[in-house]
$ cat coords-v8.pdb   # PDB, C-alpha atoms and all ligand atoms
MODEL        1
ATOM      1  CA  MET A  14      14.361 -12.341 -25.160
ATOM      2  CA  LYS A  15      12.565  -9.380 -26.756
ATOM      3  CA  THR A  16      11.598  -5.987 -25.391
ATOM      4  CA  PHE A  17       8.152  -4.573 -26.223
ATOM      5  CA  THR A  18       6.924  -1.033 -25.686
ATOM      6  CA  VAL A  19       3.188  -0.445 -25.387
ATOM      7  CA  LYS A  20       1.256   2.818 -25.221
ATOM      8  CA  ASP A  21      -0.717   2.961 -21.967
ATOM      9  CA  SER A  22      -1.125   6.084 -19.859
ATOM     10  CA  LEU A  23      -1.750   4.204 -16.561
ATOM     11  CA  CYS A  24       1.167   1.794 -16.897
ATOM     12  CA  GLY A  25       3.275   4.732 -18.072
ATOM     13  CA  LYS A  26       3.164   5.870 -14.413
ATOM     14  CA  ALA A  27       4.367   2.537 -12.980
ATOM     15  CA  LYS A  28       7.081   2.325 -10.330
ATOM     16  CA  PRO A  29      10.021  -0.136 -10.248
ATOM     17  CA  GLY A  30       8.826  -3.530  -8.986
ATOM     18  CA  GLN A  31       5.285  -3.276 -10.303
ATOM     19  CA  PHE A  32       3.985  -5.620 -13.003
ATOM     20  CA  LEU A  33       1.295  -5.652 -15.672
ATOM     21  CA  MET A  34      -0.945  -8.282 -17.240
ATOM     22  CA  LEU A  35      -0.422  -8.477 -20.989
ATOM     23  CA  TRP A  36      -3.189 -10.027 -23.064
ATOM     24  CA  ILE A  37      -2.363 -11.558 -26.427
ATOM     25  CA  PRO A  38      -5.825 -11.759 -28.038
ATOM     26  CA  GLY A  39      -6.981 -15.331 -28.632
ATOM     27  CA  VAL A  40      -3.991 -16.801 -26.773
ATOM     28  CA  ASP A  41      -3.528 -15.912 -23.070
ATOM     29  CA  GLU A  42      -2.899 -13.146 -20.581
ATOM     30  CA  ILE A  43       0.443 -13.254 -18.733
ATOM     31  CA  PRO A  44       2.122 -11.279 -15.918
ATOM     32  CA  LEU A  45       5.284  -9.333 -16.819
ATOM     33  CA  SER A  46       7.553  -7.085 -14.773
ATOM     34  CA  ILE A  47       7.928  -3.510 -15.887
ATOM     35  CA  LEU A  48      11.296  -2.605 -17.396
ATOM     36  CA  HIS A  49      10.602   1.057 -18.027
ATOM     37  CA  ALA A  50       7.677   3.450 -17.682
ATOM     38  CA  GLY A  51       7.216   7.060 -18.702
ATOM     39  CA  ASP A  52       5.574   9.390 -21.248
ATOM     40  CA  SER A  53       2.422   7.190 -21.405
ATOM     41  CA  GLU A  54       4.509   4.211 -22.494
ATOM     42  CA  VAL A  55       5.567   1.044 -20.744
ATOM     43  CA  SER A  56       8.220  -1.525 -21.708
ATOM     44  CA  VAL A  57       8.567  -5.194 -20.798
ATOM     45  CA  SER A  58      11.236  -7.779 -21.673
ATOM     46  CA  VAL A  59       9.906 -11.191 -22.503
ATOM     47  CA  LYS A  60      11.703 -14.516 -22.644
ATOM     48  CA  LEU A  61      10.246 -17.075 -25.054
ATOM     49  CA  VAL A  62       9.239 -20.050 -22.906
ATOM     50  CA  GLY A  63       5.833 -21.308 -24.116
ATOM     51  CA  ASP A  64       2.668 -20.614 -26.059
ATOM     52  CA  ALA A  65       1.849 -17.032 -24.982
ATOM     53  CA  THR A  66       5.404 -15.774 -25.123
ATOM     54  CA  ARG A  67       5.904 -17.405 -28.561
ATOM     55  CA  HIS A  68       2.836 -15.618 -29.922
ATOM     56  CA  LEU A  69       4.033 -12.384 -28.357
ATOM     57  CA  HIS A  70       7.453 -12.755 -29.983
ATOM     58  CA  GLU A  71       5.651 -12.937 -33.347
ATOM     59  CA  VAL A  72       3.591  -9.764 -32.772
ATOM     60  CA  LYS A  73       4.473  -7.077 -35.350
ATOM     61  CA  ARG A  74       5.039  -3.377 -34.637
ATOM     62  CA  GLY A  75       1.652  -1.580 -34.428
ATOM     63  CA  GLU A  76      -0.406  -4.714 -33.673
ATOM     64  CA  LYS A  77      -2.804  -4.498 -30.725
ATOM     65  CA  VAL A  78      -2.365  -6.281 -27.388
ATOM     66  CA  GLY A  79      -4.279  -5.691 -24.142
ATOM     67  CA  VAL A  80      -2.670  -4.245 -21.021
ATOM     68  CA  ARG A  81      -3.979  -4.191 -17.418
ATOM     69  CA  GLY A  82      -2.035  -2.546 -14.642
ATOM     70  CA  PRO A  83       0.188  -1.396 -13.154
ATOM     71  CA  PHE A  84      -0.348  -3.907 -10.333
ATOM     72  CA  GLY A  85       1.317  -4.720  -7.035
ATOM     73  CA  ASN A  86       3.682  -2.758  -4.819
ATOM     74  CA  SER A  87       7.111  -1.415  -5.690
ATOM     75  CA  PHE A  88      10.653  -1.523  -4.288
ATOM     76  CA  THR A  89      11.430   1.034  -1.578
ATOM     77  CA  GLU A  90      14.082   3.521  -2.711
ATOM     78  CA  ASN A  91      17.061   3.320  -0.375
ATOM     79  CA  THR A  92      19.553   6.153  -0.754
ATOM     80  CA  GLY A  93      22.514   4.474   0.998
ATOM     81  CA  LYS A  94      24.820   1.769  -0.325
ATOM     82  CA  VAL A  95      22.691  -0.764  -2.165
ATOM     83  CA  LEU A  96      23.359  -4.136  -3.759
ATOM     84  CA  LEU A  97      21.160  -5.467  -6.563
ATOM     85  CA  VAL A  98      21.218  -9.166  -7.482
ATOM     86  CA  GLY A  99      19.478 -10.094 -10.717
ATOM     87  CA  GLY A 100      19.127 -13.427 -12.484
ATOM     88  CA  GLY A 101      17.716 -13.985 -15.986
ATOM     89  CA  THR A 102      14.596 -11.900 -16.740
ATOM     90  CA  GLY A 103      14.678 -10.685 -13.119
ATOM     91  CA  THR A 104      17.302  -8.161 -14.219
ATOM     92  CA  ALA A 105      14.603  -6.076 -15.978
ATOM     93  CA  PRO A 106      12.779  -4.633 -12.909
ATOM     94  CA  LEU A 107      16.116  -4.162 -11.130
ATOM     95  CA  LEU A 108      17.449  -2.100 -14.056
ATOM     96  CA  PHE A 109      14.338   0.105 -13.772
ATOM     97  CA  LEU A 110      15.063   0.476 -10.038
ATOM     98  CA  ALA A 111      18.783   1.115 -10.609
ATOM     99  CA  LYS A 112      17.955   3.970 -13.014
ATOM    100  CA  ARG A 113      15.748   5.559 -10.324
ATOM    101  CA  LEU A 114      18.419   5.138  -7.664
ATOM    102  CA  ALA A 115      21.362   6.252  -9.812
ATOM    103  CA  ALA A 116      21.094   9.893  -8.792
ATOM    104  CA  LYS A 117      20.094   9.197  -5.172
ATOM    105  CA  ALA A 118      22.020   6.200  -3.846
ATOM    106  CA  GLU A 119      25.457   6.546  -2.260
ATOM    107  CA  LEU A 120      26.650   3.358  -4.013
ATOM    108  CA  LEU A 121      25.044   1.029  -6.556
ATOM    109  CA  SER A 122      26.538  -2.446  -6.925
ATOM    110  CA  PHE A 123      25.007  -4.981  -9.286
ATOM    111  CA  VAL A 124      25.539  -8.719  -9.530
ATOM    112  CA  ILE A 125      23.989 -10.172 -12.661
ATOM    113  CA  GLY A 126      23.834 -13.874 -13.418
ATOM    114  CA  ALA A 127      22.620 -16.153 -16.183
ATOM    115  CA  LYS A 128      23.170 -19.633 -17.556
ATOM    116  CA  THR A 129      25.154 -18.362 -20.546
ATOM    117  CA  LYS A 130      26.403 -15.087 -22.102
ATOM    118  CA  SER A 131      23.436 -14.638 -24.488
ATOM    119  CA  GLU A 132      21.088 -14.617 -21.470
ATOM    120  CA  LEU A 133      23.015 -11.883 -19.639
ATOM    121  CA  ILE A 134      20.641  -9.068 -20.457
ATOM    122  CA  PHE A 135      21.135  -5.294 -20.193
ATOM    123  CA  LEU A 136      24.868  -5.461 -19.461
ATOM    124  CA  ARG A 137      25.583  -2.242 -21.391
ATOM    125  CA  GLU A 138      22.684  -0.395 -19.757
ATOM    126  CA  LEU A 139      23.847  -1.517 -16.312
ATOM    127  CA  GLY A 140      27.367  -0.308 -17.072
ATOM    128  CA  ASN A 141      25.871   3.126 -17.844
ATOM    129  CA  VAL A 142      23.766   3.280 -14.693
ATOM    130  CA  CYS A 143      26.285   1.861 -12.214
ATOM    131  CA  THR A 144      30.000   2.314 -12.813
ATOM    132  CA  GLU A 145      31.341  -0.558 -14.914
ATOM    133  CA  GLU A 146      33.508  -1.919 -12.077
ATOM    134  CA  ALA A 147      30.400  -2.013  -9.855
ATOM    135  CA  VAL A 148      28.796  -4.629 -12.124
ATOM    136  CA  VAL A 149      29.806  -8.246 -11.461
ATOM    137  CA  SER A 150      28.734 -10.728 -14.168
ATOM    138  CA  THR A 151      28.459 -14.469 -13.695
ATOM    139  CA  THR A 152      27.537 -17.289 -16.078
ATOM    140  CA  GLU A 153      27.060 -20.945 -15.210
ATOM    141  CA  ASP A 154      28.954 -22.111 -18.329
ATOM    142  CA  GLY A 155      31.766 -19.537 -17.969
ATOM    143  CA  SER A 156      31.025 -17.926 -21.362
ATOM    144  CA  TYR A 157      31.206 -14.435 -19.754
ATOM    145  CA  GLY A 158      32.418 -13.044 -16.419
ATOM    146  CA  MET A 159      32.945 -15.389 -13.480
ATOM    147  CA  GLN A 160      31.974 -19.035 -13.957
ATOM    148  CA  CYS A 161      29.634 -19.549 -11.012
ATOM    149  CA  LEU A 162      26.136 -18.808  -9.740
ATOM    150  CA  ALA A 163      25.194 -15.166  -9.090
ATOM    151  CA  THR A 164      25.166 -15.840  -5.369
ATOM    152  CA  GLU A 165      28.855 -16.835  -5.240
ATOM    153  CA  PRO A 166      30.501 -13.360  -5.395
ATOM    154  CA  LEU A 167      28.080 -12.095  -2.747
ATOM    155  CA  GLU A 168      29.936 -13.307   0.370
ATOM    156  CA  ASN A 169      33.001 -11.322  -0.734
ATOM    157  CA  LEU A 170      31.048  -8.199  -1.667
ATOM    158  CA  LEU A 171      29.207  -8.271   1.642
ATOM    159  CA  LYS A 172      32.538  -8.539   3.484
ATOM    160  CA  LYS A 173      33.997  -5.531   1.613
ATOM    161  CA  GLN A 174      31.052  -3.101   1.833
ATOM    162  CA  SER A 175      28.427  -2.370   4.445
ATOM    163  CA  PHE A 176      25.294  -2.287   2.314
ATOM    164  CA  GLY A 177      22.096  -0.750   3.668
ATOM    165  CA  MET A 178      19.805  -2.759   1.398
ATOM    166  CA  ILE A 179      19.854  -5.756  -0.941
ATOM    167  CA  TYR A 180      17.320  -5.942  -3.779
ATOM    168  CA  THR A 181      16.866  -9.178  -5.699
ATOM    169  CA  CYS A 182      14.784 -10.574  -8.542
ATOM    170  CA  GLY A 183      15.302 -13.770 -10.510
ATOM    171  CA  PRO A 184      15.088 -17.530 -10.027
ATOM    172  CA  GLU A 185      13.576 -18.172  -6.612
ATOM    173  CA  GLN A 186      16.295 -20.540  -5.413
ATOM    174  CA  MET A 187      18.821 -17.786  -6.130
ATOM    175  CA  MET A 188      16.720 -15.276  -4.161
ATOM    176  CA  ARG A 189      16.440 -17.745  -1.275
ATOM    177  CA  LYS A 190      20.252 -17.981  -1.110
ATOM    178  CA  VAL A 191      20.478 -14.181  -1.136
ATOM    179  CA  PHE A 192      17.916 -14.115   1.697
ATOM    180  CA  ASP A 193      19.873 -16.643   3.778
ATOM    181  CA  LEU A 194      23.077 -14.604   3.322
ATOM    182  CA  ALA A 195      21.286 -11.354   4.183
ATOM    183  CA  GLU A 196      19.770 -12.930   7.305
ATOM    184  CA  LYS A 197      23.190 -14.192   8.414
ATOM    185  CA  ARG A 198      24.520 -10.652   8.210
ATOM    186  CA  LYS A 199      21.314  -9.038   9.505
ATOM    187  CA  LEU A 200      20.926  -6.986   6.316
ATOM    188  CA  PRO A 201      17.500  -5.826   5.111
ATOM    189  CA  MET A 202      16.445  -7.036   1.708
ATOM    190  CA  GLU A 203      13.577  -6.919  -0.760
ATOM    191  CA  ALA A 204      12.800  -9.728  -3.201
ATOM    192  CA  SER A 205      10.371  -9.648  -6.104
ATOM    193  CA  LEU A 206       8.533 -12.981  -6.226
ATOM    194  CA  GLU A 207       6.771 -14.788  -9.062
ATOM    195  CA  ARG A 208       3.776 -17.047  -8.649
ATOM    196  CA  LEU A 209       1.163 -18.332 -11.062
ATOM    197  CA  MET A 210      -1.076 -15.340 -11.756
ATOM    198  CA  ARG A 211      -4.520 -15.214 -13.270
ATOM    199  CA  CYS A 212      -6.523 -12.212 -12.056
ATOM    200  CA  GLY A 213      -3.577 -10.061 -10.926
ATOM    201  CA  ILE A 214      -5.779  -8.235  -8.410
ATOM    202  CA  GLY A 215      -6.088 -10.477  -5.359
ATOM    203  CA  LEU A 216      -9.271 -12.375  -6.272
ATOM    204  CA  CYS A 217      -8.471 -15.866  -7.592
ATOM    205  CA  GLY A 218      -5.896 -17.089  -5.061
ATOM    206  CA  SER A 219      -3.596 -18.733  -7.609
ATOM    207  CA  CYS A 220      -0.590 -16.663  -6.451
ATOM    208  CA  VAL A 221      -0.721 -17.379  -2.695
ATOM    209  CA  ILE A 222       2.413 -17.663  -0.574
ATOM    210  CA  GLY A 223       1.696 -18.127   3.132
ATOM    211  CA  LYS A 224      -0.922 -15.566   4.133
ATOM    212  CA  TYR A 225      -0.046 -13.321   1.177
ATOM    213  CA  ARG A 226      -1.251 -12.979  -2.388
ATOM    214  CA  VAL A 227       1.802 -12.106  -4.476
ATOM    215  CA  CYS A 228      -0.165 -10.000  -6.981
ATOM    216  CA  ARG A 229      -1.795  -7.812  -4.320
ATOM    217  CA  ASP A 230       0.574  -7.870  -1.307
ATOM    218  CA  GLY A 231       3.737  -8.155  -3.472
ATOM    219  CA  PRO A 232       5.358  -8.877  -5.788
ATOM    220  CA  VAL A 233       8.026  -7.171  -3.647
ATOM    221  CA  PHE A 234       8.434  -8.681  -0.162
ATOM    222  CA  ASN A 235      10.721  -7.430   2.596
ATOM    223  CA  SER A 236      12.812  -9.451   5.067
ATOM    224  CA  VAL A 237      10.071  -9.537   7.726
ATOM    225  CA  GLN A 238       7.534 -10.945   5.263
ATOM    226  CA  LEU A 239      10.060 -13.365   3.740
ATOM    227  CA  ARG A 240      10.720 -14.789   7.228
ATOM    228  CA  GLU A 241       6.975 -15.437   7.555
ATOM    229  CA  VAL A 242       6.885 -17.425   4.286
ATOM    230  CA  LYS A 243      10.239 -19.169   4.757
ATOM    231  CA  ALA A 244       8.674 -22.643   4.466
ATOM    232  CA  GLU A 245       7.548 -21.873   0.886
ATOM    233  CA  PHE A 246      10.061 -19.256  -0.298
ATOM    234  CA  GLY A 247      12.521 -20.998  -2.644
ATOM    235  CA  MET A 248      10.758 -24.299  -1.950
ATOM    236  CA  SER A 249       7.267 -24.705  -3.413
ATOM    237  CA  LYS A 250       4.346 -22.962  -5.127
ATOM    238  CA  LEU A 251       0.896 -23.732  -6.495
ATOM    239  CA  GLY A 252       0.867 -25.205 -10.014
ATOM    240  CA  PHE A 253      -1.678 -24.904 -12.807
ATOM    241  CA  ASN A 254      -3.877 -27.683 -11.320
ATOM    242  CA  GLY A 255      -3.880 -26.188  -7.820
ATOM    243  CA  GLY A 256      -1.411 -28.754  -6.430
ATOM    244  CA  ARG A 257       1.864 -27.819  -4.771
ATOM    245  CA  ILE A 258       4.992 -28.109  -6.976
ATOM    246  CA  PRO A 259       8.688 -27.366  -6.361
ATOM    247  CA  VAL A 260       9.811 -23.855  -7.476
TER     248      VAL A 260
HETATM  249  C1  LIG B   1       5.071 -11.010 -11.285
HETATM  250  C2  LIG B   1       5.647 -11.723 -12.494
HETATM  251  C3  LIG B   1       6.530 -11.050 -13.318
HETATM  252  C4  LIG B   1       7.057 -11.681 -14.436
HETATM  253  N1  LIG B   1       7.914 -10.963 -15.229
HETATM  254  C5  LIG B   1       8.406 -11.515 -16.342
HETATM  255  C6  LIG B   1       9.245 -10.758 -17.212
HETATM  256  O1  LIG B   1       9.534  -9.578 -16.975
HETATM  257  N2  LIG B   1       9.698 -11.362 -18.336
HETATM  258  C7  LIG B   1       9.387 -12.675 -18.649
HETATM  259  O2  LIG B   1       9.833 -13.144 -19.690
HETATM  260  N3  LIG B   1       8.622 -13.406 -17.828
HETATM  261  C8  LIG B   1       8.103 -12.861 -16.695
HETATM  262  N4  LIG B   1       7.274 -13.606 -15.885
HETATM  263  C9  LIG B   1       6.980 -15.006 -16.256
HETATM  264  C10 LIG B   1       5.927 -15.021 -17.370
HETATM  265  O3  LIG B   1       4.682 -14.618 -16.848
HETATM  266  C11 LIG B   1       5.829 -16.448 -17.923
HETATM  267  O4  LIG B   1       7.056 -16.780 -18.559
HETATM  268  C12 LIG B   1       4.734 -16.553 -18.963
HETATM  269  O5  LIG B   1       3.489 -16.472 -18.314
HETATM  270  C13 LIG B   1       4.850 -17.876 -19.724
HETATM  271  O6  LIG B   1       3.731 -18.050 -20.563
HETATM  272  P1  LIG B   1       3.781 -19.033 -21.800
HETATM  273  O7  LIG B   1       2.378 -19.292 -22.261
HETATM  274  O8  LIG B   1       4.721 -18.530 -22.849
HETATM  275  O9  LIG B   1       4.441 -20.330 -21.234
HETATM  276  P2  LIG B   1       3.767 -21.606 -20.554
HETATM  277  O10 LIG B   1       4.225 -22.800 -21.301
HETATM  278  O11 LIG B   1       2.296 -21.400 -20.333
HETATM  279  O12 LIG B   1       4.447 -21.571 -19.140
HETATM  280  C14 LIG B   1       5.848 -21.695 -18.950
HETATM  281  C15 LIG B   1       6.128 -21.385 -17.490
HETATM  282  O13 LIG B   1       5.871 -19.984 -17.264
HETATM  283  C16 LIG B   1       5.220 -19.792 -16.013
HETATM  284  N5  LIG B   1       3.871 -19.239 -16.225
HETATM  285  C17 LIG B   1       2.984 -19.567 -17.173
HETATM  286  N6  LIG B   1       1.830 -18.875 -17.052
HETATM  287  C18 LIG B   1       2.014 -18.091 -15.968
HETATM  288  C19 LIG B   1       1.177 -17.170 -15.296
HETATM  289  N7  LIG B   1      -0.052 -16.886 -15.686
HETATM  290  N8  LIG B   1       1.687 -16.559 -14.180
HETATM  291  C20 LIG B   1       2.928 -16.811 -13.769
HETATM  292  N9  LIG B   1       3.751 -17.665 -14.365
HETATM  293  C21 LIG B   1       3.299 -18.317 -15.436
HETATM  294  C22 LIG B   1       5.171 -21.161 -15.334
HETATM  295  O14 LIG B   1       6.347 -21.318 -14.539
HETATM  296  C23 LIG B   1       5.223 -22.114 -16.482
HETATM  297  O15 LIG B   1       5.740 -23.377 -16.123
HETATM  298  C24 LIG B   1       6.724 -13.022 -14.735
HETATM  299  C25 LIG B   1       5.836 -13.722 -13.887
HETATM  300  C26 LIG B   1       5.324 -13.082 -12.782
HETATM  301  C27 LIG B   1       4.372 -13.812 -11.880
HETATM  302  S1  LIG B   2      -3.383 -13.658  -9.366
HETATM  303 FE1  LIG B   2      -5.403 -13.908  -8.591
HETATM  304  S2  LIG B   2      -5.122 -13.563  -6.448
HETATM  305 FE2  LIG B   2      -3.180 -13.152  -7.294
ENDMDL
END
$ encode --input "coords-v8.pdb" --output "structure tokens"
Amino acid sequence: MKTFTVKDSLCGKAKPGQFLMLWIPGVDEIPLSILHAGDSEVSVSVKLVGDATRHLHEVKRGEKVGVRGPFGNSFTENTGKVLLVGGGTGTAPLLFLAKRLAAKAELLSFVIGAKTKSELIFLRELGNVCTEEAVVSTTEDGSYGMQCLATEPLENLLKKQSFGMIYTCGPEQMMRKVFDLAEKRKLPMEASLERLMRCGIGLCGSCVIGKYRVCRDGPVFNSVQLREVKAEFGMSKLGFNGGRIPV
């Protein structure tokens, strides 16, 4: 995982939840969530998974890349007791949100999960934004924090506190579990979804979920919208060849 900061006055005004399209000349253009924006600069955190992200990881300071955005909607900013649940790279937009909410929200609790300790990103930053005891860490291999999935400590947390909002971003099956728990307790939530993205502006249709286009109508969806796309949320999405594949 590497963090990149790019000069761009438009993206420098982005809100938590929005994303940008980053073009690596001669390689590809990929969607990335915004980690931080301000002073005509924007930062993204990128996990190396394939061709585009490998080329990006090799980009040297000062080299040029292309940026389009900011695109999509943003998280609403709830000022009550809020719970954030982040998995893997999904922690980045939630950290941006947590920084915005730090001075406004009555309580910020954060559950962060990853496969292993080295993938638990922004732990120190989260400890600075929330109080350290308000951050619960989980790893699947037990190398740091609780050995379980990020969704496991939730039942307990939800019993102890009456949260006014749950925000989540990360692997979709994790977000689906968070949704099911939130529905059981009738708690409002917002989830930031990922789909294959090409145009980023609602034209090509590659990012559809139900009646929505994730790039234009999302990427942040609320409980009402998530109920409408329940058959696909955490289940399936369109793949590169236009066929439906499991998430
Ligand atoms: C709204 C949104 C926000 C994202 N935010 C981040 C982030 O903050 N950090 C991060 O590391 N990753 C993020 N991603 C995922 C990132 O876009 C993919 O990891 C990247 O496109 C992979 O490209 P690649 O060529 O390296 O890998 P490839 O080998 O081409 O693809 C690896 C996997 O990445 C996904 N992917 C590839 N191309 C796209 C595409 N055009 N749109 C969506 N998914 C794709 C697919 O699941 C694919 O199987 C986000 C995706 C979306 C849709
Ligand atoms: S990426 Fe083209 S419509 Fe969403």
$ closest_residue --input "coords-v8.pdb" --among "A:Cys212, A:Val19, A:Leu35, A:Val95" --to "A:Ala50" --atoms "only C-alpha atoms"
A:Val19
$ residues_around --input "coords-v8.pdb" --residues "A:Glu119" --least-positions-apart "5" --cutoff "8 Å" --atoms "only C-alpha atoms" --output "ChimeraX atom specification"
/A:92-95
$ resolve_selection --input "coords-v8.pdb" --expression "the PyMOL selection byres (((not hetatm)) within 7 of (chain B and resi 2))" --output "PyMOL selection string"
chain A and resi 209-221+226-229
$ residues_near_ligand --input "coords-v8.pdb" --ligand "ligand LIG 1 (chain B)" --cutoff "6 Å" --atoms "all atoms listed in the file" --output "list in words"
Phe32, Ile43, Pro44, Leu45, Ser46, Val57, Ser58, Val59, Lys60, Val62, Gly63, Asp64, Ala65, Thr66, Arg67, Thr102, Glu207, Arg208, Leu209, Met210, Arg211 and Pro232 of chain A
$ atom_distance --input "coords-v8.pdb" --atom1 "atom CA of A:Phe176" --atom2 "atom CA of A:Leu120"
8.6 Å
$ closest_residue --input "coords-v8.pdb" --among "A:Ala118, A:Ile222, A:Leu162, A:Leu96" --to "A:Ser249" --atoms "all atoms listed in the file"
A:Ile222
$ atom_distance --input "coords-v8.pdb" --atom1 "atom CA of A:Leu136" --atom2 "atom CA of A:Met188"
19.9 Å
$ atom_distance --input "coords-v8.pdb" --atom1 "atom CA of A:Met34" --atom2 "atom CA of A:Val78"
10.4 Å
$ closest_residue --input "coords-v8.pdb" --among "A:Gln186, A:Asn235, A:Ser131, A:Thr18" --to "A:Pro259" --atoms "only C-alpha atoms"
A:Gln186
$ residues_near_point --input "coords-v8.pdb" --point "(21.5, -13.9, -13.4)" --cutoff "9 Å" --atoms "only C-alpha atoms" --output "mmCIF file with C-alpha atoms, keeping the file's coordinate frame"
data_model
loop_
_atom_site.group_PDB
_atom_site.id
_atom_site.type_symbol
_atom_site.label_atom_id
_atom_site.label_comp_id
_atom_site.auth_asym_id
_atom_site.auth_seq_id
_atom_site.Cartn_x
_atom_site.Cartn_y
_atom_site.Cartn_z
ATOM 1 C CA VAL A 98 21.218 -9.166 -7.482
ATOM 2 C CA GLY A 99 19.478 -10.094 -10.717
ATOM 3 C CA GLY A 100 19.127 -13.427 -12.484
ATOM 4 C CA GLY A 101 17.716 -13.985 -15.986
ATOM 5 C CA THR A 102 14.596 -11.900 -16.740
ATOM 6 C CA GLY A 103 14.678 -10.685 -13.119
ATOM 7 C CA THR A 104 17.302 -8.161 -14.219
ATOM 8 C CA VAL A 124 25.539 -8.719 -9.530
ATOM 9 C CA ILE A 125 23.989 -10.172 -12.661
ATOM 10 C CA GLY A 126 23.834 -13.874 -13.418
ATOM 11 C CA ALA A 127 22.620 -16.153 -16.183
ATOM 12 C CA LYS A 128 23.170 -19.633 -17.556
ATOM 13 C CA GLU A 132 21.088 -14.617 -21.470
ATOM 14 C CA LEU A 133 23.015 -11.883 -19.639
ATOM 15 C CA ILE A 134 20.641 -9.068 -20.457
ATOM 16 C CA SER A 150 28.734 -10.728 -14.168
ATOM 17 C CA THR A 151 28.459 -14.469 -13.695
ATOM 18 C CA THR A 152 27.537 -17.289 -16.078
ATOM 19 C CA LEU A 162 26.136 -18.808 -9.740
ATOM 20 C CA ALA A 163 25.194 -15.166 -9.090
ATOM 21 C CA CYS A 182 14.784 -10.574 -8.542
ATOM 22 C CA GLY A 183 15.302 -13.770 -10.510
ATOM 23 C CA PRO A 184 15.088 -17.530 -10.027
ATOM 24 C CA MET A 187 18.821 -17.786 -6.130
#
$ closest_residue --input "coords-v8.pdb" --among "A:Asp41, A:Glu71, A:Glu54, A:Glu196" --to "A:Ser236" --atoms "only C-alpha atoms"
A:Glu196
$ resolve_selection --input "coords-v8.pdb" --expression "the PyMOL selection byres (((chain A and resi 170) around 12) and not hetatm)" --output "mmCIF file with C-alpha atoms, in the coordinates of the input"
data_model
loop_
_atom_site.group_PDB
_atom_site.id
_atom_site.type_symbol
_atom_site.label_atom_id
_atom_site.label_comp_id
_atom_site.auth_asym_id
_atom_site.auth_seq_id
_atom_site.Cartn_x
_atom_site.Cartn_y
_atom_site.Cartn_z
ATOM 1 C CA LYS A 94 24.820 1.769 -0.325
ATOM 2 C CA VAL A 95 22.691 -0.764 -2.165
ATOM 3 C CA LEU A 96 23.359 -4.136 -3.759
ATOM 4 C CA LEU A 97 21.160 -5.467 -6.563
ATOM 5 C CA VAL A 98 21.218 -9.166 -7.482
ATOM 6 C CA SER A 122 26.538 -2.446 -6.925
ATOM 7 C CA PHE A 123 25.007 -4.981 -9.286
ATOM 8 C CA VAL A 124 25.539 -8.719 -9.530
ATOM 9 C CA ALA A 147 30.400 -2.013 -9.855
ATOM 10 C CA VAL A 148 28.796 -4.629 -12.124
ATOM 11 C CA VAL A 149 29.806 -8.246 -11.461
ATOM 12 C CA ALA A 163 25.194 -15.166 -9.090
ATOM 13 C CA THR A 164 25.166 -15.840 -5.369
ATOM 14 C CA GLU A 165 28.855 -16.835 -5.240
ATOM 15 C CA PRO A 166 30.501 -13.360 -5.395
ATOM 16 C CA LEU A 167 28.080 -12.095 -2.747
ATOM 17 C CA GLU A 168 29.936 -13.307 0.370
ATOM 18 C CA ASN A 169 33.001 -11.322 -0.734
ATOM 19 C CA LEU A 171 29.207 -8.271 1.642
ATOM 20 C CA LYS A 172 32.538 -8.539 3.484
ATOM 21 C CA LYS A 173 33.997 -5.531 1.613
ATOM 22 C CA GLN A 174 31.052 -3.101 1.833
ATOM 23 C CA SER A 175 28.427 -2.370 4.445
ATOM 24 C CA PHE A 176 25.294 -2.287 2.314
ATOM 25 C CA ILE A 179 19.854 -5.756 -0.941
ATOM 26 C CA LEU A 194 23.077 -14.604 3.322
ATOM 27 C CA ALA A 195 21.286 -11.354 4.183
#
$ residues_around --input "coords-v8.pdb" --residues "A:Lys243" --least-positions-apart "4" --cutoff "9 Å" --atoms "all atoms listed in the file" --output "list in words"
Arg189, Gly223, Gln238, Leu239, Gly247 and Met248 of chain A
$ closest_residue --input "coords-v8.pdb" --among "A:Leu251, A:Leu107, A:Val40, A:Met14" --to "A:Leu61" --atoms "only C-alpha atoms"
A:Met14
$ resolve_selection --input "coords-v8.pdb" --expression "the PyMOL selection byres (((chain A and resi 27) around 6) and not hetatm)" --output "JSON list (two decimals) with C-alpha atoms, keeping the file's coordinate frame"
[["chain", "number", "residue", "atom", "x", "y", "z"],
["A", 24, "CYS", "CA", 1.17, 1.79, -16.90],
["A", 25, "GLY", "CA", 3.28, 4.73, -18.07],
["A", 26, "LYS", "CA", 3.16, 5.87, -14.41],
["A", 28, "LYS", "CA", 7.08, 2.33, -10.33],
["A", 50, "ALA", "CA", 7.68, 3.45, -17.68],
["A", 83, "PRO", "CA", 0.19, -1.40, -13.15]]
$ closest_residue --input "coords-v8.pdb" --among "A:His68, A:Arg81, A:Lys130, A:Lys250" --to "A:Leu33" --atoms "all atoms listed in the file"
A:Arg81
$ axis_aligned_box --input "coords-v8.pdb" --around "stretch 231-249 of chain A" --padding-each-side "3 Å" --output "lines of an AutoDock Vina configuration file"
center_x = 8.3
center_y = -15.9
center_z = 1.0
size_x = 15.1
size_y = 23.5
size_z = 19.5
